[in-house]
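Taking it in order: structure first as structure tokens, then the write-up.
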Amino acid sequence: MQTIQTIDSHTGGEPTRIVVAGGPELGNGPLTDRVARFRDENDHIRSAIINEPRGSEVLVGGLLVPPHEQDCDFGVIFFNNTGYLGMCGHGTIGLMVTLAFQNRVTAGKCRIDTPAGVVEAEMLDDHRVRVQNVESWLYRRAVPVDIPGHGTVTGDIAWGGNWFYLSEDHGQSLSSGNSAALTAFGLRVRAALEAAEITGAGGGVIDHIELCGAPEHPDSNCRNFVLCPGGAWDRSPCGTGTSARLACLAAEQQLAAGDTWRQESILGSVFEGSWQPSEATATAAAGPVITPTIIGSAWVTGETSLLLDPSDPFRFGIPAG
Ligand code: PYC
């Protein structure tokens, strides 16, 4: 019987399952190499952890691994129902409360190695976490795409640790009761981008669609709906999506460095974002390269031993279909 120890949390409503013991052995080397090993040799374990009957398409997993970068304290590889994520903002907040629950982090910053680069995170109290994300930047502004049966929408393409298409002229109601229609619309936008061969820089697949609109809470600046790669919608305001949004705001001079941007999800959960100029360069950037910071809150919800019984026909989960 294979046993995998996990700790579950949610960040603004979006669940994270961190594998703290019993996960696949991926050896050493840069995290990009280890993701490839996870994908090529252990993808059935990703499915066992995330998919039904143990999980669902909403869940994001994180495999805690030793870091490759010498100055990092931890390494993490995030994954979901269909594959792997470069970075995950809500997941990093979930990882921090998980590590705090295990008494593995105290006051002060820790550095976390991810496949998209090194991020810094810090507990602000028992639940609030500040994450300094990877460098983020706008790639293309106001890119039109024709959605069959709907018409043309325009959106910015930006990197926030994953590739995003961020649209404001989508015409959809960003209310929590409208999640099924928003998901269906997001899938149509993603399919239209793919059909039109619109990508991120270097052919990067735009696998996150972010629909932005007016907030409901008077203290917020914006409300968003984010469709994730596996077809689920992010219950949180999406950390990498907020980072991509900050890069667009910086490029359009709508938010000054150091000012706070409050981004709410369709559930009303809020991330506070801000940015600082980065010294890093991105040759394809259509605006400044920024270092985004996100603050959000997470709570531990469970501590589980996942059991993979060799006689169970669904021990490796039911693949997303
Ligand atoms: O918070 O970055 C994020 C994220 C990505 C996918 C789901 N959440």
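Numbering starts fresh at 1 for the residues of each chain in the structure tokens, the chains themselves are lettered A, B, ... in the order given, and ligands are numbered from 1 as they appear.
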
Task: Contacts with ligand 1 at most 9 Å, only C-alpha atoms and all ligand atoms counted, listed as a ChimeraX atom specification - done: /A:11,14-16,58-60,79-80,85-93,160-162,208,226-229,232-243

Please produce an output containing N, CA, C and O atoms for each residue in the selection, written as a compact mmCIF listing (two decimals), in the first residue's frame.
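Generated output (part.txt):
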```txt
# COMPACT_ATOMS: atom_id res chain seq x y z
N THR A 11 -7.08 29.15 0.08
CA THR A 11 -6.64 30.55 0.02
C THR A 11 -7.77 31.32 -0.64
O THR A 11 -8.04 31.11 -1.83
N GLU A 14 -9.91 29.01 -2.62
CA GLU A 14 -9.28 28.13 -3.62
C GLU A 14 -8.40 27.09 -2.91
O GLU A 14 -7.47 27.46 -2.17
N PRO A 15 -8.68 25.80 -3.11
CA PRO A 15 -7.95 24.78 -2.34
C PRO A 15 -6.55 24.47 -2.86
O PRO A 15 -6.28 24.55 -4.06
N THR A 16 -5.68 24.09 -1.93
CA THR A 16 -4.31 23.65 -2.24
C THR A 16 -4.05 22.38 -1.43
O THR A 16 -4.40 22.32 -0.25
N VAL A 58 -10.95 21.38 -9.10
CA VAL A 58 -10.70 22.69 -8.48
C VAL A 58 -9.36 22.71 -7.72
O VAL A 58 -8.73 23.76 -7.56
N LEU A 59 -8.95 21.53 -7.28
CA LEU A 59 -7.78 21.43 -6.40
C LEU A 59 -6.47 21.70 -7.14
O LEU A 59 -6.29 21.24 -8.27
N VAL A 60 -5.57 22.43 -6.49
CA VAL A 60 -4.20 22.57 -7.00
C VAL A 60 -3.28 21.86 -6.02
O VAL A 60 -3.39 22.04 -4.80
N PHE A 79 0.76 21.54 -9.44
CA PHE A 79 0.11 20.77 -10.50
C PHE A 79 -1.41 20.80 -10.29
O PHE A 79 -1.89 21.18 -9.22
N ASN A 80 -2.13 20.42 -11.36
CA ASN A 80 -3.59 20.41 -11.25
C ASN A 80 -4.15 19.16 -11.93
O ASN A 80 -3.42 18.18 -12.15
N LEU A 85 1.90 23.60 -13.29
CA LEU A 85 1.87 25.07 -13.34
C LEU A 85 3.29 25.60 -13.11
O LEU A 85 4.03 25.03 -12.30
N GLY A 86 3.64 26.70 -13.81
CA GLY A 86 4.95 27.32 -13.59
C GLY A 86 5.04 27.82 -12.15
O GLY A 86 5.97 27.53 -11.41
N MET A 87 4.03 28.59 -11.76
CA MET A 87 3.95 29.13 -10.40
C MET A 87 2.49 29.17 -10.02
O MET A 87 1.61 29.05 -10.88
N CYS A 88 2.23 29.29 -8.75
CA CYS A 88 0.84 29.42 -8.29
C CYS A 88 0.84 30.32 -7.06
O CYS A 88 1.45 29.98 -6.04
N GLY A 89 0.17 31.46 -7.17
CA GLY A 89 0.18 32.43 -6.07
C GLY A 89 -0.65 31.96 -4.89
O GLY A 89 -0.17 31.97 -3.75
N HIS A 90 -1.89 31.54 -5.17
CA HIS A 90 -2.71 31.10 -4.03
C HIS A 90 -2.08 29.86 -3.40
O HIS A 90 -2.13 29.66 -2.19
N GLY A 91 -1.44 29.02 -4.27
CA GLY A 91 -0.80 27.80 -3.77
C GLY A 91 0.39 28.11 -2.87
O GLY A 91 0.65 27.39 -1.90
N THR A 92 1.13 29.19 -3.19
CA THR A 92 2.28 29.57 -2.35
C THR A 92 1.79 30.07 -0.99
O THR A 92 2.40 29.78 0.05
N ILE A 93 0.67 30.78 -1.00
CA ILE A 93 0.08 31.24 0.28
C ILE A 93 -0.37 30.01 1.09
O ILE A 93 -0.12 29.90 2.30
N GLY A 160 2.63 36.29 -15.59
CA GLY A 160 2.67 36.52 -14.14
C GLY A 160 3.15 35.25 -13.43
O GLY A 160 2.81 35.03 -12.28
N GLY A 161 3.91 34.42 -14.19
CA GLY A 161 4.30 33.09 -13.68
C GLY A 161 3.56 32.02 -14.45
O GLY A 161 3.90 30.83 -14.42
N ASN A 162 2.50 32.40 -15.13
CA ASN A 162 1.74 31.62 -16.12
C ASN A 162 1.32 32.64 -17.17
O ASN A 162 1.34 33.85 -16.92
N HIS A 208 -4.52 30.48 -19.11
CA HIS A 208 -5.38 31.12 -18.11
C HIS A 208 -6.11 32.30 -18.78
O HIS A 208 -5.46 33.14 -19.41
N VAL A 226 -11.12 33.97 -13.15
CA VAL A 226 -9.99 33.35 -13.84
C VAL A 226 -10.31 31.89 -14.14
O VAL A 226 -10.63 31.11 -13.23
N LEU A 227 -10.23 31.56 -15.42
CA LEU A 227 -10.39 30.17 -15.84
C LEU A 227 -9.00 29.52 -15.84
O LEU A 227 -8.06 30.03 -16.47
N CYS A 228 -8.88 28.41 -15.11
CA CYS A 228 -7.59 27.72 -14.97
C CYS A 228 -7.43 26.68 -16.10
O CYS A 228 -8.41 26.31 -16.75
N PRO A 229 -6.19 26.18 -16.28
CA PRO A 229 -5.92 25.30 -17.43
C PRO A 229 -6.81 24.05 -17.48
O PRO A 229 -7.18 23.59 -18.54
N ALA A 232 -11.35 24.45 -14.49
CA ALA A 232 -12.00 24.93 -13.26
C ALA A 232 -11.76 26.43 -13.14
O ALA A 232 -10.82 26.97 -13.74
N TRP A 233 -12.57 27.11 -12.36
CA TRP A 233 -12.35 28.55 -12.13
C TRP A 233 -11.74 28.75 -10.76
O TRP A 233 -12.03 28.03 -9.81
N ASP A 234 -10.88 29.76 -10.69
CA ASP A 234 -10.15 30.04 -9.47
C ASP A 234 -11.07 30.73 -8.47
O ASP A 234 -11.62 31.80 -8.76
N ARG A 235 -11.24 30.11 -7.32
CA ARG A 235 -12.09 30.72 -6.27
C ARG A 235 -11.41 31.94 -5.65
O ARG A 235 -12.08 32.79 -5.04
N SER A 236 -10.10 32.00 -5.73
CA SER A 236 -9.36 33.17 -5.22
C SER A 236 -9.18 34.16 -6.37
O SER A 236 -9.50 33.84 -7.53
N PRO A 237 -8.63 35.35 -6.10
CA PRO A 237 -8.38 36.30 -7.20
C PRO A 237 -7.18 35.92 -8.06
O PRO A 237 -6.82 36.67 -8.94
N CYS A 238 -6.56 34.78 -7.78
CA CYS A 238 -5.46 34.23 -8.59
C CYS A 238 -4.18 35.06 -8.44
O CYS A 238 -4.11 36.20 -8.94
N GLY A 239 -3.19 34.49 -7.78
CA GLY A 239 -1.95 35.22 -7.51
C GLY A 239 -1.17 35.54 -8.77
O GLY A 239 -0.71 36.68 -8.96
N THR A 240 -1.02 34.57 -9.67
CA THR A 240 -0.29 34.85 -10.90
C THR A 240 -1.13 35.74 -11.82
O THR A 240 -0.59 36.58 -12.54
N GLY A 241 -2.45 35.60 -11.73
CA GLY A 241 -3.34 36.46 -12.52
C GLY A 241 -3.32 37.90 -12.02
O GLY A 241 -3.36 38.85 -12.82
N THR A 242 -3.23 38.08 -10.70
CA THR A 242 -3.12 39.43 -10.14
C THR A 242 -1.77 40.03 -10.55
O THR A 242 -1.67 41.23 -10.88
N SER A 243 -0.73 39.19 -10.57
CA SER A 243 0.61 39.67 -10.99
C SER A 243 0.58 40.12 -12.44
O SER A 243 1.14 41.18 -12.79
```

TODO: With a distance cut-off of 10 Å and only C-alpha atoms, select the neighbouring residues of Ser265 of chain A, excluding the residue or stretch itself and same-chain residues fewer than 4 positions from it, and output the selection as a list in words.
DONE: Gly12, Gly13, Leu174, Ser175, Ser176, Cys212, Pro215, Glu216, Cys222, Arg223, Asn224, Phe225, Val226, Asp234, Arg235, Ser236, Pro237, Cys238, Ser269, Val270 and Phe271 of chain A

Keeping N, CA and C atoms for every residue in the selection just given, could you write it to a file as a compact mmCIF listing (two decimals), in the first residue's frame?
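The new file part06.txt reads:
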```
# COMPACT_ATOMS: atom_id res chain seq x y z
N GLY A 12 -8.47 32.12 0.11
CA GLY A 12 -9.59 32.87 -0.47
C GLY A 12 -10.60 31.96 -1.14
N GLY A 13 -10.75 30.74 -0.62
CA GLY A 13 -11.72 29.78 -1.17
C GLY A 13 -11.11 28.78 -2.14
N LEU A 174 -19.88 39.32 -13.79
CA LEU A 174 -18.91 38.66 -12.91
C LEU A 174 -19.53 38.42 -11.53
N SER A 175 -20.65 37.67 -11.52
CA SER A 175 -21.29 37.40 -10.24
C SER A 175 -21.06 35.94 -9.87
N SER A 176 -21.08 35.65 -8.57
CA SER A 176 -20.75 34.29 -8.12
C SER A 176 -21.77 33.28 -8.65
N CYS A 212 -11.98 40.66 -16.41
CA CYS A 212 -11.89 41.70 -15.38
C CYS A 212 -13.10 42.62 -15.46
N PRO A 215 -15.50 46.11 -9.30
CA PRO A 215 -15.64 45.37 -8.04
C PRO A 215 -17.02 45.55 -7.44
N GLU A 216 -17.39 44.64 -6.51
CA GLU A 216 -18.64 44.84 -5.75
C GLU A 216 -18.34 45.53 -4.44
N CYS A 222 -10.94 46.07 -8.44
CA CYS A 222 -11.30 45.27 -9.61
C CYS A 222 -11.82 43.92 -9.13
N ARG A 223 -12.69 43.32 -9.95
CA ARG A 223 -13.16 41.94 -9.70
C ARG A 223 -12.68 41.11 -10.86
N ASN A 224 -12.28 39.89 -10.62
CA ASN A 224 -11.91 39.04 -11.76
C ASN A 224 -12.50 37.65 -11.66
N PHE A 225 -12.57 37.03 -12.81
CA PHE A 225 -12.90 35.60 -12.94
C PHE A 225 -11.75 35.00 -13.71
N VAL A 226 -11.12 33.97 -13.15
CA VAL A 226 -9.99 33.35 -13.84
C VAL A 226 -10.31 31.89 -14.14
N ASP A 234 -10.88 29.76 -10.69
CA ASP A 234 -10.15 30.04 -9.47
C ASP A 234 -11.07 30.73 -8.47
N ARG A 235 -11.24 30.11 -7.32
CA ARG A 235 -12.09 30.72 -6.27
C ARG A 235 -11.41 31.94 -5.65
N SER A 236 -10.10 32.00 -5.73
CA SER A 236 -9.36 33.17 -5.22
C SER A 236 -9.18 34.16 -6.37
N PRO A 237 -8.63 35.35 -6.10
CA PRO A 237 -8.38 36.30 -7.20
C PRO A 237 -7.18 35.92 -8.06
N CYS A 238 -6.56 34.78 -7.78
CA CYS A 238 -5.46 34.23 -8.59
C CYS A 238 -4.18 35.06 -8.44
N SER A 269 -13.38 37.18 -2.21
CA SER A 269 -12.09 37.11 -1.51
C SER A 269 -11.10 38.04 -2.21
N VAL A 270 -10.18 38.62 -1.42
CA VAL A 270 -9.35 39.73 -1.94
C VAL A 270 -7.86 39.41 -1.81
N PHE A 271 -7.10 39.74 -2.86
CA PHE A 271 -5.64 39.81 -2.78
C PHE A 271 -5.26 41.29 -2.89
```

Task: Ala107 of chain A surroundings by only C-alpha atoms, 9 Å radius, close-in-sequence under 4 positions cut, as a VMD selection string - done: chain A and resid 122 to 124

Open item on the list: For a quick check of understanding, using only C-alpha atoms, which of A:Gly203, A:Leu187, A:Ala196, A:Glu272 has the smallest distance to Asn221 of chain A?
Closed with: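 That would be A:Glu272, the residue with the smallest distance to Asn221 of chain A.
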
TODO: Choose the residue, out of A:Ala142, A:Ile266, A:Cys110, A:Ile147, that has the smallest atom-to-atom separation from Ser173 of chain A; count only C-alpha atoms.
DONE: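 Of A:Ala142, A:Ile266, A:Cys110, A:Ile147, the one nearest Ser173 of chain A, counting only C-alpha atoms, is A:Ile266.
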
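For the choices A:Gly55, A:Thr114, A:Leu308, A:Met96, the atom-to-atom distance to Phe78 of chain A is smallest for A:Thr114 when using only C-alpha atoms.
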
TODO: Would you kindly return, as number ranges by chain, each protein, DNA or RNA residue with an atom no farther than 8 Å from any atom of segment 29-33 of chain A, considering only C-alpha atoms and excluding same-chain residues fewer than 2 positions away?
DONE: A: 27, 35-37, 67-69, 75, 77, 113-116

Can I get the selection written as a short mmCIF file (atom, residue, chain, number, x, y, z; two decimals), in the first residue's frame, with N, CA, C and O atoms?
```
data_model
loop_
_atom_site.label_atom_id
_atom_site.label_comp_id
_atom_site.auth_asym_id
_atom_site.auth_seq_id
_atom_site.Cartn_x
_atom_site.Cartn_y
_atom_site.Cartn_z
N GLY A 27 14.67 13.25 -7.74
CA GLY A 27 16.11 13.46 -7.82
C GLY A 27 16.48 14.93 -7.68
O GLY A 27 15.70 15.73 -7.16
N VAL A 35 10.20 18.86 -13.03
CA VAL A 35 8.82 18.83 -13.53
C VAL A 35 8.73 17.83 -14.69
O VAL A 35 7.77 17.06 -14.79
N ALA A 36 9.76 17.86 -15.56
CA ALA A 36 9.74 16.96 -16.71
C ALA A 36 9.74 15.51 -16.23
O ALA A 36 9.01 14.66 -16.77
N ARG A 37 10.50 15.23 -15.16
CA ARG A 37 10.54 13.87 -14.61
C ARG A 37 9.20 13.49 -13.97
O ARG A 37 8.75 12.35 -14.07
N PRO A 67 15.10 22.39 -2.59
CA PRO A 67 15.34 23.40 -3.64
C PRO A 67 16.60 23.07 -4.42
O PRO A 67 17.47 22.36 -3.93
N HIS A 68 16.69 23.62 -5.63
CA HIS A 68 17.93 23.53 -6.40
C HIS A 68 18.78 24.76 -6.12
O HIS A 68 19.99 24.67 -5.92
N GLU A 69 18.12 25.93 -6.12
CA GLU A 69 18.85 27.18 -5.87
C GLU A 69 19.37 27.16 -4.43
O GLU A 69 18.61 26.95 -3.49
N GLY A 75 11.55 23.97 -2.06
CA GLY A 75 11.21 23.94 -3.48
C GLY A 75 9.79 23.41 -3.60
O GLY A 75 9.33 22.65 -2.75
N ILE A 77 6.67 22.15 -6.63
CA ILE A 77 6.16 21.99 -8.00
C ILE A 77 4.64 21.93 -7.91
O ILE A 77 4.09 21.04 -7.24
N ASP A 113 11.96 27.90 -4.30
CA ASP A 113 12.34 27.60 -5.68
C ASP A 113 11.12 27.00 -6.39
O ASP A 113 10.48 26.08 -5.86
N THR A 114 10.77 27.55 -7.56
CA THR A 114 9.66 27.01 -8.34
C THR A 114 10.14 26.86 -9.79
O THR A 114 11.14 27.47 -10.17
N PRO A 115 9.42 26.12 -10.61
CA PRO A 115 9.84 25.98 -12.01
C PRO A 115 9.87 27.32 -12.75
O PRO A 115 10.58 27.48 -13.74
N ALA A 116 9.10 28.31 -12.30
CA ALA A 116 9.08 29.61 -12.98
C ALA A 116 10.13 30.57 -12.42
O ALA A 116 10.31 31.67 -12.96
#
```

- [ ] Please return as a ChimeraX atom specification: the residues of segment 39-275 of chain A that backbone DSSP assigns to strand (DSSP E or B).
- [x] /A:60-65,74-79,84-85,109-114,117-123,128-132,136-147,151-159,163-167,208-213,222-227,233,261-264,270-275

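Of the listed residues (A:Pro319, A:Gly171, A:Gly108, A:Gly61), A:Gly171 comes nearest to Gly213 of chain A; the distances count only C-alpha atoms.
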
If we count only C-alpha atoms and set the cut-off at 7 Å, which residues sit around segment 296-305 of chain A, ignoring sequence neighbours fewer than 4 positions away in its own chain? Please answer as an mmCIF file with N, CA and C atoms, in the first residue's frame.
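Dumped everything to out00.cif:
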```
data_model
loop_
_atom_site.group_PDB
_atom_site.id
_atom_site.type_symbol
_atom_site.label_atom_id
_atom_site.label_comp_id
_atom_site.auth_asym_id
_atom_site.auth_seq_id
_atom_site.Cartn_x
_atom_site.Cartn_y
_atom_site.Cartn_z
ATOM 1 N N THR A 3 1.463 5.125 0.592
ATOM 2 C CA THR A 3 0.844 6.178 1.407
ATOM 3 C C THR A 3 1.476 7.532 1.066
ATOM 4 N N ILE A 4 0.645 8.540 0.837
ATOM 5 C CA ILE A 4 1.127 9.893 0.540
ATOM 6 C C ILE A 4 0.512 10.835 1.576
ATOM 7 N N GLN A 5 1.372 11.551 2.286
ATOM 8 C CA GLN A 5 0.887 12.466 3.345
ATOM 9 C C GLN A 5 0.656 13.848 2.750
ATOM 10 N N THR A 6 -0.542 14.381 2.981
ATOM 11 C CA THR A 6 -0.855 15.704 2.426
ATOM 12 C C THR A 6 -1.480 16.606 3.496
ATOM 13 N N ILE A 7 -1.321 17.900 3.281
ATOM 14 C CA ILE A 7 -2.018 18.887 4.117
ATOM 15 C C ILE A 7 -2.783 19.809 3.171
ATOM 16 N N ASP A 8 -4.079 19.931 3.427
ATOM 17 C CA ASP A 8 -4.953 20.753 2.585
ATOM 18 C C ASP A 8 -5.182 22.121 3.227
ATOM 19 N N SER A 9 -5.357 23.112 2.386
ATOM 20 C CA SER A 9 -5.695 24.458 2.866
ATOM 21 C C SER A 9 -6.563 25.113 1.800
ATOM 22 N N HIS A 10 -7.116 26.270 2.136
ATOM 23 C CA HIS A 10 -7.721 27.082 1.074
ATOM 24 C C HIS A 10 -7.257 28.510 1.217
ATOM 25 N N THR A 11 -7.079 29.146 0.077
ATOM 26 C CA THR A 11 -6.642 30.552 0.024
ATOM 27 C C THR A 11 -7.769 31.320 -0.642
ATOM 28 N N GLY A 12 -8.465 32.119 0.112
ATOM 29 C CA GLY A 12 -9.589 32.871 -0.468
ATOM 30 C C GLY A 12 -10.599 31.955 -1.138
ATOM 31 N N ILE A 93 0.666 30.780 -0.997
ATOM 32 C CA ILE A 93 0.079 31.236 0.280
ATOM 33 C C ILE A 93 -0.369 30.007 1.086
ATOM 34 N N GLY A 94 -0.983 29.033 0.381
ATOM 35 C CA GLY A 94 -1.388 27.780 1.032
ATOM 36 C C GLY A 94 -0.180 27.007 1.551
ATOM 37 N N VAL A 97 1.047 28.594 4.922
ATOM 38 C CA VAL A 97 0.296 28.269 6.144
ATOM 39 C C VAL A 97 0.470 26.791 6.495
ATOM 40 N N THR A 98 0.717 25.973 5.461
ATOM 41 C CA THR A 98 0.975 24.546 5.703
ATOM 42 C C THR A 98 2.304 24.374 6.449
ATOM 43 N N HIS A 127 -2.452 33.726 9.363
ATOM 44 C CA HIS A 127 -3.100 33.365 8.095
ATOM 45 C C HIS A 127 -2.680 34.215 6.909
ATOM 46 N N ARG A 128 -2.259 35.457 7.189
ATOM 47 C CA ARG A 128 -1.914 36.380 6.088
ATOM 48 C C ARG A 128 -0.490 36.146 5.642
ATOM 49 N N VAL A 129 -0.329 36.059 4.333
ATOM 50 C CA VAL A 129 0.989 35.764 3.762
ATOM 51 C C VAL A 129 1.282 36.774 2.659
ATOM 52 N N ARG A 130 2.532 37.261 2.657
ATOM 53 C CA ARG A 130 2.975 38.121 1.562
ATOM 54 C C ARG A 130 3.868 37.288 0.638
ATOM 55 N N VAL A 270 -10.181 38.618 -1.422
ATOM 56 C CA VAL A 270 -9.355 39.728 -1.935
ATOM 57 C C VAL A 270 -7.865 39.414 -1.814
ATOM 58 N N PHE A 271 -7.099 39.742 -2.858
ATOM 59 C CA PHE A 271 -5.640 39.813 -2.780
ATOM 60 C C PHE A 271 -5.261 41.286 -2.892
ATOM 61 N N GLU A 272 -4.296 41.685 -2.053
ATOM 62 C CA GLU A 272 -3.724 43.037 -2.188
ATOM 63 C C GLU A 272 -2.456 42.909 -3.004
#
```

Open item on the list: Taking 3 positions as the minimum chain separation for residues in the same chain, which residues sit within 12 Å of Ser278 of chain A when counting only C-alpha atoms? Answer as number ranges by chain.
Closed with: A: 132-137, 247, 250, 257, 275, 281-282, 287-293

Task: Option closest in space to Asn28 of chain A, from A:Gly151, A:Pro218, A:Pro66, A:Gly202 [counting only C-alpha atoms] - done: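 Once distances to Asn28 of chain A are computed over only C-alpha atoms, the minimum belongs to A:Pro66.
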
- [ ] May I ask for the distance between atom CA of Asp259 of chain A and atom CA of Tyr165 of chain A, given in Å to one decimal place?
- [x] 23.4 Å

Open item on the list: Please return, as a PyMOL selection string, all residues of segment 50-225 of chain A that DSSP assigns to helix (DSSP H, G or I) on the basis of the backbone.
Closed with: chain A and resi 50+89-101+176-195+201-203
